[in-house]
Each structure stands twice: as C-alpha cells, then as structure tokens.
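Below is one structure; the comments refer to it alone.
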Amino acid sequence: MKNKIKFSKAHYDYLKKYRIKKIVVVITQISLLIALLLAWEFLTKYEIISSFFFSSPSKIVKTLKDLWNSGELIYHSTITLNETLIGFAIATGIGFLVAFILWYSSFLRNVAEPYIVVLNSLPKIALGPIIIIWFGAGSKAIIFMCILIVVIVTILNILNAFTNCDKQLIALAQSLGANKIQIFFKLILPSSLKDIVSTLKVNVGLSWIGAIMGEYLVSRAGLGYLLIYGGQVFNLNLVMTATVVLCVLASFMYFAVALFEKLMNKHFK
Amino acid sequence: MNELVNLKNITLIYQSLDSETLALDNINLDVKNEEFVSIVGPSGCGKTTILSIITGLIKPTSGEVEVADKSPNPKDGVIGYMFQRDNLLPWRTIEKNILFGLELNKKLDKNRKNYALELAKKYGLKDFLKKHPAELSGGMRQRVALIRTLALKPRLLLLDEPFSALDYQTRLELCDDIYDIIKKEHKTAVLVTHDIQEAISMSDKIYVLTARPGRIKAIHKLDFDANLTPFERRKTDKAKQLFDVIWQEIQNEKQDKI
C-alpha cells in the first residue's frame, strides 16, 4: 500500500471487515482473561474455592510486590533467565554446528545416526544424578541439563532441514561450478531458514523446560527453586507468582524470536 | 580440429547391489563447433546419461570422451547445462539469479556482469531484473535460466529437455527464442528430447537412440534453409517426411524388443 494505488470501494470494505474481525478476536481474548481473573478473585474471596490451595490474583499481586521490594524477584528471575539464555545459545550453537558437520559428511551422518536416535529417545532427566556428580549442585549442572534437552532436537530438526533441500537446485549449482561450502551458504542455508526459525521457537520452550527441570534437581535460587520451595512449604501464593513470572518471561523470549523471524523474512524475501 | 565433442566407443554399465545394467552400448558421437545436435529416443534410453558423460559427472565404463580436446571437467567452464526445470532460486531477484553462476565462480567483475545484464536486456528481460521468479511465467523463467547459463560464456550448451515442462504454446515460442539466442551467440548445443518434431525443428544433426541398452540406431543430417525459424521448419514437407522416418525407426525398435 506504499505505492498509492487507488482501490475500489469494495476493497476498502474488504479491508474494513478484515480489521473488524481481528479487533473482535483481540477484544474477546482480553475479556476472557479479565473474566477468568475476576472469577478466580471472587471465588477465592468468598471461599467458594479455597484461597489456600488456589491462591488468588490479589494475593499474587501482593506476593509480587513483596518479592520486588525484597529484591528477590529480580534475583531469582535473573538466575533462571541467565541459565535459560546460556543453555539456549550454547545448545542452538552446538546443534547447528553438529548439523552442519553431519550434513557435510554423509559418512559421519551414517555413523552418528544410531547414537542420535538413542540420545533423542532417552529421557534427559534420567541423567540428573550423573550431571550432579559431574558438575556439582549449581548453575553449571542446570545449564548442562538445559543443553542436553535442547541440543538433540536442534540437531535433528536442522539436519533434516539441510538434507531436505531441493536436489535439483543442488545439481544446478554443481553444474555452475559450486563447491560444497558455496552450496551450503548460497542454497542450503537460505532454503532452510523457515525450518531454522521454527527450530528456534521450539528451542525457546525447551530451554525453559531444561532450566526449570535443572533447578528442580539442584538449586538454591531461581524460579524453579521458588516453585519447589513454595510447594514444599505449601505457600501456593509463591508457586502461582513464580508461574506467572515464568509465563511472562517465556513469552517475551518467544516474541523476540518471532521478531527475528519477521526481520529474516523481510531480508530474504 | 573443429570437433568440440567427441565420444568414442562409449559403454556404460550401472552397478547396483543386486544387478548390473548395460545402459549405453558402444556410442560414437561427435559435435562440431556451432553445430546443433539432438539426441532422441524412447524414455530410459540413456539420453541424459550421455549428457552427464559429456560434462564429466559420470565416467563411462569404457571408451573415450573429449570435450574441446580435453577430457571433460565440470569446473573448467566449457560447458553450460540447461535443465528441464528452470531451478531459479525463489529468494533471489532475476538479476541475482542471472549472476548466480558468476558469483559461484568468483568471476563477478564489471565486464562479466555487464555482459550478463546486456544479454538479459537483449533478450527481453529488462523489465524483470528486479522481480522475483514467482512473478514470471514459465517461458520467461526458462529464458532466465538460459541467460544464467550463458553468463558464464560456455562454448557448449547441453539442453536436457528444457521445454518439456512448458505448455505447448509456450514451448513453440520458447523454442524459437532459444534457437535464436543460441545461433546469435554462436554457441554449440546438444539437445536431449523425446519430442521428434522439436529435434527436427532445431538441429543440424539428429542421433536416434534405441531403448535400453542405448545404442545409436540412426544418424540424420539435416539441411534446412538456415534462415528458417524452428516454427517455420516444422511446417515444411521435409520436416514431416523426416518425422515419419524417425517415428518409424523408434516404433520398429519397440517392436524388436517385444
């Protein structure tokens, strides 16, 4: 619409209808959230459901304030956020590199296949005790857990994207004299961009799982620690508050990746 | 020597785990400079395999291959290949697609770039350079593919059924266009096709191949008036007679097999 073309009235009507549909969806989403929060608040206020077991929005807000004032909110959030981001970055990096190597060498790919299959089906949490012994009960162990959970899926997804590149395009590039590295950067990478971004999106979710699971196993700080601690002392306010914070942080990270996707699409369109 | 391609007694046996197949049997084929040679034959007769042997991507089991008096090397830039599909990269503009080969060969200097873009303009792609492949018709896209190949200034063009993915109308038009470009740029060409009329309309020489194993069944030298376009050639009586002859050769071949 940048190049000012005059559209017919029908087109403007169409655009208007489209916009109204969108606005209705957003309004419904917001009202649903408000309705749920109000219901939660009133049901617990009049003890129709127990505010001890279910906490309540007002109590969550109060807990949030307390945590903020004592500095604990920032403290615990930063720790978990750090672990997640580091785990995400390292796992994505390693995953990408391994996928590249396995794409490059079909020999290594054949050799590695059974190992990857086994590692993929193994529930990573089962390695908890080993990780604690190797890395001690601290952030290192948590980050390692996070990497373990993210890296295998990354390798599988990205390698799959790489090997699914159109064979005919590769034949063309070869006929024009391309070497394997050129084929990678000029063909494979641009044509797997969509899959890479969707892998990143999956990885955001997985690295939060990794970090929280790691904190469940070993930790004295972090949102996962707050959750476990809150559960043990039956402080449901704390559990709910930590969950809310987790939701907010995870969505921010997801939106960051979505924004990255938009930029990429613009660049490569 | 004015022979650009020379295949002598080429035999090719494909190996697989449970069998071996004789694909090509004693093929002798030569292409002179600026000659347009076609290879026709039933599907599965190894037409494309011959092109792969000329490019050097497949080594024959026995026999000699010479391209420009050397054994073929895909990297030396003598040969340009045109596929059935245009294989344009959808995320690149037409201009970037045309320059793709130069870019891969690290030859993207001003001269060569200008040459490629001049070709594009000369052959009707001027207004499309900044567009993406999806915005072009099939015939246009195939023309871009040819310009992309020509940008590397190959001496020999190998055309692997470049028209067969197009509708009939476009095919006839593009046939004229491509023939015109090849003649004007003084290129040598080898066309592989199953379309006998197409072969007759463009070639100086036609090799008729048998079904697997591919053997040379007949060689036809054509002497049409050089000023005729492929479309005009198709309409001559001579073309119709030749069509019948080649058609019969391929039919006989099929019956021999049964």
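Ordered as shown in the structure tokens, chains take letters A, B, and onward, while each chain numbers its residues from 1 and ligands are numbered from 1 in the order shown.
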Can you pull out every residue within 9 Å of segment 57-74 of chain B, counting only C-alpha atoms, but drop anything in the same chain fewer than 6 positions away, and send it as a PyMOL selection string? (chain A and resi 174-177) or (chain B and resi 1-14+24+26-27+49-51+155-156)
Output of the above residues as a PDB file, in the first residue's frame, restricted to N, CA and C atoms:
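Below is the file that was written, again17.pdb:
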```pdb
ATOM      1  N   GLN A 174      25.901 -27.252  -8.843  1.00  0.00           N
ATOM      2  CA  GLN A 174      27.091 -28.012  -9.218  1.00  0.00           C
ATOM      3  C   GLN A 174      27.438 -27.790 -10.683  1.00  0.00           C
ATOM      4  N   SER A 175      26.389 -27.734 -11.524  1.00  0.00           N
ATOM      5  CA  SER A 175      26.663 -27.539 -12.955  1.00  0.00           C
ATOM      6  C   SER A 175      27.245 -26.153 -13.206  1.00  0.00           C
ATOM      7  N   LEU A 176      26.981 -25.216 -12.298  1.00  0.00           N
ATOM      8  CA  LEU A 176      27.554 -23.875 -12.428  1.00  0.00           C
ATOM      9  C   LEU A 176      28.916 -23.778 -11.733  1.00  0.00           C
ATOM     10  N   GLY A 177      29.372 -24.897 -11.187  1.00  0.00           N
ATOM     11  CA  GLY A 177      30.713 -24.935 -10.614  1.00  0.00           C
ATOM     12  C   GLY A 177      30.808 -24.648  -9.124  1.00  0.00           C
TER      13      GLY A 177
ATOM     14  N   MET B   1      41.241 -28.899 -35.499  1.00  0.00           N
ATOM     15  CA  MET B   1      40.056 -29.713 -35.203  1.00  0.00           C
ATOM     16  C   MET B   1      38.842 -28.818 -34.969  1.00  0.00           C
ATOM     17  N   ASN B   2      37.784 -29.073 -35.696  1.00  0.00           N
ATOM     18  CA  ASN B   2      36.599 -28.277 -35.398  1.00  0.00           C
ATOM     19  C   ASN B   2      35.535 -29.113 -34.696  1.00  0.00           C
ATOM     20  N   GLU B   3      35.979 -30.224 -34.121  1.00  0.00           N
ATOM     21  CA  GLU B   3      35.043 -31.013 -33.331  1.00  0.00           C
ATOM     22  C   GLU B   3      35.140 -30.616 -31.873  1.00  0.00           C
ATOM     23  N   LEU B   4      33.994 -30.238 -31.296  1.00  0.00           N
ATOM     24  CA  LEU B   4      34.024 -29.775 -29.907  1.00  0.00           C
ATOM     25  C   LEU B   4      33.826 -30.944 -28.946  1.00  0.00           C
ATOM     26  N   VAL B   5      32.955 -31.876 -29.374  1.00  0.00           N
ATOM     27  CA  VAL B   5      32.712 -33.047 -28.535  1.00  0.00           C
ATOM     28  C   VAL B   5      32.995 -34.287 -29.360  1.00  0.00           C
ATOM     29  N   ASN B   6      33.641 -35.235 -28.738  1.00  0.00           N
ATOM     30  CA  ASN B   6      33.948 -36.473 -29.414  1.00  0.00           C
ATOM     31  C   ASN B   6      33.808 -37.652 -28.450  1.00  0.00           C
ATOM     32  N   LEU B   7      32.791 -38.471 -28.682  1.00  0.00           N
ATOM     33  CA  LEU B   7      32.630 -39.681 -27.874  1.00  0.00           C
ATOM     34  C   LEU B   7      32.998 -40.876 -28.729  1.00  0.00           C
ATOM     35  N   LYS B   8      33.919 -41.705 -28.204  1.00  0.00           N
ATOM     36  CA  LYS B   8      34.370 -42.872 -28.972  1.00  0.00           C
ATOM     37  C   LYS B   8      34.081 -44.146 -28.214  1.00  0.00           C
ATOM     38  N   ASN B   9      33.299 -45.018 -28.818  1.00  0.00           N
ATOM     39  CA  ASN B   9      33.009 -46.351 -28.256  1.00  0.00           C
ATOM     40  C   ASN B   9      32.638 -46.317 -26.778  1.00  0.00           C
ATOM     41  N   ILE B  10      31.690 -45.430 -26.456  1.00  0.00           N
ATOM     42  CA  ILE B  10      31.328 -45.299 -25.040  1.00  0.00           C
ATOM     43  C   ILE B  10      30.405 -46.430 -24.608  1.00  0.00           C
ATOM     44  N   THR B  11      30.787 -47.101 -23.540  1.00  0.00           N
ATOM     45  CA  THR B  11      29.935 -48.115 -22.938  1.00  0.00           C
ATOM     46  C   THR B  11      29.813 -47.794 -21.461  1.00  0.00           C
ATOM     47  N   LEU B  12      28.584 -47.937 -20.941  1.00  0.00           N
ATOM     48  CA  LEU B  12      28.388 -47.647 -19.527  1.00  0.00           C
ATOM     49  C   LEU B  12      27.586 -48.763 -18.890  1.00  0.00           C
ATOM     50  N   ILE B  13      28.114 -49.291 -17.795  1.00  0.00           N
ATOM     51  CA  ILE B  13      27.396 -50.314 -17.044  1.00  0.00           C
ATOM     52  C   ILE B  13      27.112 -49.756 -15.657  1.00  0.00           C
ATOM     53  N   TYR B  14      25.833 -49.739 -15.286  1.00  0.00           N
ATOM     54  CA  TYR B  14      25.451 -49.273 -13.940  1.00  0.00           C
ATOM     55  C   TYR B  14      25.553 -50.430 -12.960  1.00  0.00           C
ATOM     56  N   LEU B  24      24.530 -47.906 -21.743  1.00  0.00           N
ATOM     57  CA  LEU B  24      24.929 -47.400 -23.051  1.00  0.00           C
ATOM     58  C   LEU B  24      25.871 -48.413 -23.680  1.00  0.00           C
ATOM     59  N   ASN B  26      28.380 -48.919 -26.814  1.00  0.00           N
ATOM     60  CA  ASN B  26      29.168 -48.521 -27.972  1.00  0.00           C
ATOM     61  C   ASN B  26      28.629 -47.272 -28.690  1.00  0.00           C
ATOM     62  N   ILE B  27      28.605 -46.170 -27.957  1.00  0.00           N
ATOM     63  CA  ILE B  27      28.097 -44.916 -28.509  1.00  0.00           C
ATOM     64  C   ILE B  27      29.245 -44.117 -29.134  1.00  0.00           C
ATOM     65  N   THR B  49      22.025 -39.572 -19.588  1.00  0.00           N
ATOM     66  CA  THR B  49      23.311 -40.140 -19.172  1.00  0.00           C
ATOM     67  C   THR B  49      24.428 -39.689 -20.113  1.00  0.00           C
ATOM     68  N   ILE B  50      24.106 -39.611 -21.400  1.00  0.00           N
ATOM     69  CA  ILE B  50      25.130 -39.154 -22.347  1.00  0.00           C
ATOM     70  C   ILE B  50      25.567 -37.731 -22.007  1.00  0.00           C
ATOM     71  N   LEU B  51      24.582 -36.884 -21.653  1.00  0.00           N
ATOM     72  CA  LEU B  51      24.944 -35.515 -21.260  1.00  0.00           C
ATOM     73  C   LEU B  51      25.847 -35.522 -20.026  1.00  0.00           C
ATOM     74  N   ARG B 155      31.185 -22.665 -24.130  1.00  0.00           N
ATOM     75  CA  ARG B 155      31.248 -22.898 -25.572  1.00  0.00           C
ATOM     76  C   ARG B 155      30.170 -23.879 -25.993  1.00  0.00           C
ATOM     77  N   LEU B 156      29.874 -24.803 -25.067  1.00  0.00           N
ATOM     78  CA  LEU B 156      28.935 -25.871 -25.381  1.00  0.00           C
ATOM     79  C   LEU B 156      27.739 -25.799 -24.434  1.00  0.00           C
TER      80      LEU B 156
END
```
Mind dumping a table of every chain B residue within 7 Å of chain A, with the nearest atom pair and its distance in Å to one decimal, using only C-alpha atoms, sorted by chain and rising number, as a tab-separated table?
```
residue	atom	partner	partner_atom	distance
B:Pro74	CA	A:Gly177	CA	6.8
B:Lys75	CA	A:Gly177	CA	5.3
B:Tyr81	CA	A:Ser175	CA	6.4
B:Asn87	CA	A:Leu169	CA	5.6
B:Trp91	CA	A:Lys269	CA	5.6
B:Gly101	CA	A:Leu176	CA	5.3
B:Leu104	CA	A:Ala178	CA	5.5
B:Asn105	CA	A:Gly177	CA	6.5
```
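Residues with any atom within 12 Å of Phe260 of chain A, counting only C-alpha atoms and excluding same-chain neighbours fewer than 6 positions away, are Leu193, Lys194, Ile196, Val197, Ser198, Leu200, Lys201, Met253, Tyr254, Lys266 and His267 of chain A.
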Let me see the file: selected residues, C-alpha atoms, as a PDB file, in the first residue's frame.
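Generated output (part03.pdb):
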```pdb
ATOM      1  CA  LEU A 193      15.630 -20.518   7.015  1.00  0.00           C
ATOM      2  CA  LYS A 194      11.985 -21.214   7.809  1.00  0.00           C
ATOM      3  CA  ILE A 196      15.671 -22.911  11.415  1.00  0.00           C
ATOM      4  CA  VAL A 197      13.390 -20.217  12.810  1.00  0.00           C
ATOM      5  CA  SER A 198      10.754 -22.764  13.790  1.00  0.00           C
ATOM      6  CA  LEU A 200      14.475 -21.640  17.441  1.00  0.00           C
ATOM      7  CA  LYS A 201      10.869 -21.247  18.540  1.00  0.00           C
ATOM      8  CA  MET A 253      11.629 -14.628  24.646  1.00  0.00           C
ATOM      9  CA  TYR A 254       9.179 -16.160  22.202  1.00  0.00           C
ATOM     10  CA  LYS A 266      11.961  -9.181   5.133  1.00  0.00           C
ATOM     11  CA  HIS A 267      15.629  -9.630   4.385  1.00  0.00           C
TER      12      HIS A 267
END
```
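Take atom CA of Asn203 of chain A and atom CA of Val150 of chain A: the distance between them is 6.1 Å.
In terms of minimum interatomic distance to Ile219 of chain B, B:Ser38 ranks closest within B:Ser38, B:Lys187, B:Phe243, B:Ser19, counting only C-alpha atoms.
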Run DSSP on the backbone of this structure and report the residues of segment 131-194 of chain B it assigns to strand (DSSP E), as a list in words. Leu156, Leu157, Leu158, Leu159, Asp160, Thr188, Ala189, Val190, Leu191, Val192 and Thr193 of chain B
Excluding Leu226 of chain A and residues on its chain fewer than 6 positions from it, collect all residues at most 8 Å away from it, counting only C-alpha atoms, and give them as a list of chain:residue names. A:His76, A:Leu238, A:Val239, A:Ala242
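Distances here use only C-alpha atoms; by that measure, the residue among B:His194, B:Lys238, B:Lys221, B:Lys107 closest to Leu209 of chain B is B:His194.
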With a distance cut-off of 9 Å and only C-alpha atoms, select the neighbouring residues of Tyr179 of chain B, excluding the residue or stretch itself and same-chain residues fewer than 5 positions from it, and output the selection as a VMD selection string. chain B and resid 174 184 202 229 to 230
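Here atom CA of Asn237 of chain A stands at a distance of 21.1 Å from atom CA of Leu81 of chain A.
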Name the residues of segment 79-206 of chain B that fall into helix (DSSP H, G or I) according to DSSP on the backbone, using the chain letters and numbers of this document, as number ranges by chain. B: 94-98, 100-104, 110-122, 126-128, 133-135, 138-150, 168-184, 196-202
Quick one: everything within 12 Å of Arg109 of chain A, counting only C-alpha atoms, minus sequence neighbours fewer than 6 positions away in the same chain. Send it as a PyMOL selection string. chain A and resi 98-103+115-117+155-156+159-160+163
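For the residues A:Phe144, A:Tyr75, A:Phe88, A:Phe42, ranking by smallest atom-to-atom distance to Glu215 of chain A using only C-alpha atoms places A:Phe144 first.
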Using only C-alpha atoms, determine which residues lie at most 12 Å from Asp127 of chain B, disregarding the query and same-chain residues fewer than 4 positions distant; provide the list as a PyMOL selection string. chain B and resi 93-95+117+120-123+131-132+135-136+140
Saved selection, atoms kept: N, CA and C atoms, as a PDB file, in the first residue's frame:
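Final output, selection.pdb:
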```pdb
ATOM      1  N   THR B  93      16.377 -12.184  -6.732  1.00  0.00           N
ATOM      2  CA  THR B  93      15.748 -11.493  -7.846  1.00  0.00           C
ATOM      3  C   THR B  93      16.258 -12.106  -9.145  1.00  0.00           C
ATOM      4  N   ILE B  94      15.603 -11.751 -10.274  1.00  0.00           N
ATOM      5  CA  ILE B  94      16.028 -12.272 -11.569  1.00  0.00           C
ATOM      6  C   ILE B  94      17.486 -11.881 -11.831  1.00  0.00           C
ATOM      7  N   GLU B  95      17.823 -10.646 -11.514  1.00  0.00           N
ATOM      8  CA  GLU B  95      19.201 -10.193 -11.727  1.00  0.00           C
ATOM      9  C   GLU B  95      20.187 -11.060 -10.948  1.00  0.00           C
ATOM     10  N   LEU B 117      24.101  -8.849 -17.963  1.00  0.00           N
ATOM     11  CA  LEU B 117      22.917  -7.993 -17.911  1.00  0.00           C
ATOM     12  C   LEU B 117      22.530  -7.510 -19.305  1.00  0.00           C
ATOM     13  N   ALA B 120      20.574 -10.226 -20.859  1.00  0.00           N
ATOM     14  CA  ALA B 120      19.217 -10.231 -20.312  1.00  0.00           C
ATOM     15  C   ALA B 120      18.364  -9.162 -20.980  1.00  0.00           C
ATOM     16  N   LYS B 121      18.951  -7.984 -21.162  1.00  0.00           N
ATOM     17  CA  LYS B 121      18.192  -6.891 -21.758  1.00  0.00           C
ATOM     18  C   LYS B 121      17.905  -7.177 -23.224  1.00  0.00           C
ATOM     19  N   LYS B 122      18.933  -7.713 -23.914  1.00  0.00           N
ATOM     20  CA  LYS B 122      18.797  -8.004 -25.328  1.00  0.00           C
ATOM     21  C   LYS B 122      17.664  -8.995 -25.576  1.00  0.00           C
ATOM     22  N   TYR B 123      17.497  -9.939 -24.655  1.00  0.00           N
ATOM     23  CA  TYR B 123      16.505 -10.976 -24.885  1.00  0.00           C
ATOM     24  C   TYR B 123      15.269 -10.796 -24.009  1.00  0.00           C
ATOM     25  N   LYS B 131      12.561  -8.271 -10.297  1.00  0.00           N
ATOM     26  CA  LYS B 131      11.450  -9.084  -9.788  1.00  0.00           C
ATOM     27  C   LYS B 131      11.950 -10.430  -9.287  1.00  0.00           C
ATOM     28  N   HIS B 132      11.049 -11.145  -8.641  1.00  0.00           N
ATOM     29  CA  HIS B 132      11.378 -12.479  -8.168  1.00  0.00           C
ATOM     30  C   HIS B 132      10.798 -13.530  -9.121  1.00  0.00           C
ATOM     31  N   GLU B 135       7.114 -14.184  -9.940  1.00  0.00           N
ATOM     32  CA  GLU B 135       6.311 -13.207 -10.672  1.00  0.00           C
ATOM     33  C   GLU B 135       6.393 -13.412 -12.192  1.00  0.00           C
ATOM     34  N   LEU B 136       7.196 -14.400 -12.638  1.00  0.00           N
ATOM     35  CA  LEU B 136       7.385 -14.596 -14.081  1.00  0.00           C
ATOM     36  C   LEU B 136       6.675 -15.855 -14.570  1.00  0.00           C
ATOM     37  N   MET B 140       9.271 -17.369 -19.502  1.00  0.00           N
ATOM     38  CA  MET B 140      10.211 -16.327 -19.078  1.00  0.00           C
ATOM     39  C   MET B 140      11.287 -16.899 -18.168  1.00  0.00           C
TER      40      MET B 140
END
```
